[in-house]
Amino acid sequence: MKIQTRITELLGIRYPIIQGGMMWVGTAEMASAVSNAGGLGTLTALTQPTPEALTKEIARCREMTDQPFAVNLTLLPAVNPPPYAEYRQAIIESGIKIVETAGNKPHEHIEAFKQHGIIVIHKCTSVRHALSAQRIGADVISIDGFECAG
């Protein structure tokens, strides 16, 4: 059985179920299980300690599923932020077709993903942020509460 909706058609999934990025559990095992069950599984980029480790985790996930899966890149303000541009490049070079972004100032990341034909889901906590993400090119908006993932 397949449920046909705009989101299942856009993402190439059987059911309109999207596993959001979840720190420490968004691994190949989780993402592939969700994707194999017909939803959209999601690897969490920052669960991996380096962009190189993310590339390996993407390859591992591909070994575990032939179904679509996404990679989440959450952008958080920090005194010493992770190398977001390097994680973004690892996602692009790995041929990922769907990315979930979340967090602060996703503009440059969404623009880069869109330049490579990647479908972007942006996770927001307010209508104001959703409208901004739509303006800068997000294909899908996910509205979550402030307690999301925590």
# chains A, B, ... in the order shown; residues from 1 in each chain; ligands from 1
>>> select_by_dssp(residues="stretch 30-94 of chain A", states="helix (DSSP H, G or I)", output="MDAnalysis selection string")
chainID A and resid 30:36 45:47 51:64 84:93
>>> residues_around(residues="A:Thr101", least_positions_apart="3", cutoff="7 Å", atoms="only C-alpha atoms", output="list of chain:residue names")
A:Asn72, A:Leu73, A:Thr74, A:Ile121, A:His122, A:Lys123
>>> closest_residue(among="A:Cys124, A:Val140, A:Ala31, A:Ile118", to="A:Leu75", atoms="only C-alpha atoms")
A:Cys124
>>> atom_distance(atom1="atom CA of A:Tyr15", atom2="atom CA of A:Lys2")
6.3 Å
>>> atom_distance(atom1="atom CA of A:Phe69", atom2="atom CA of A:Ser32")
7.4 Å
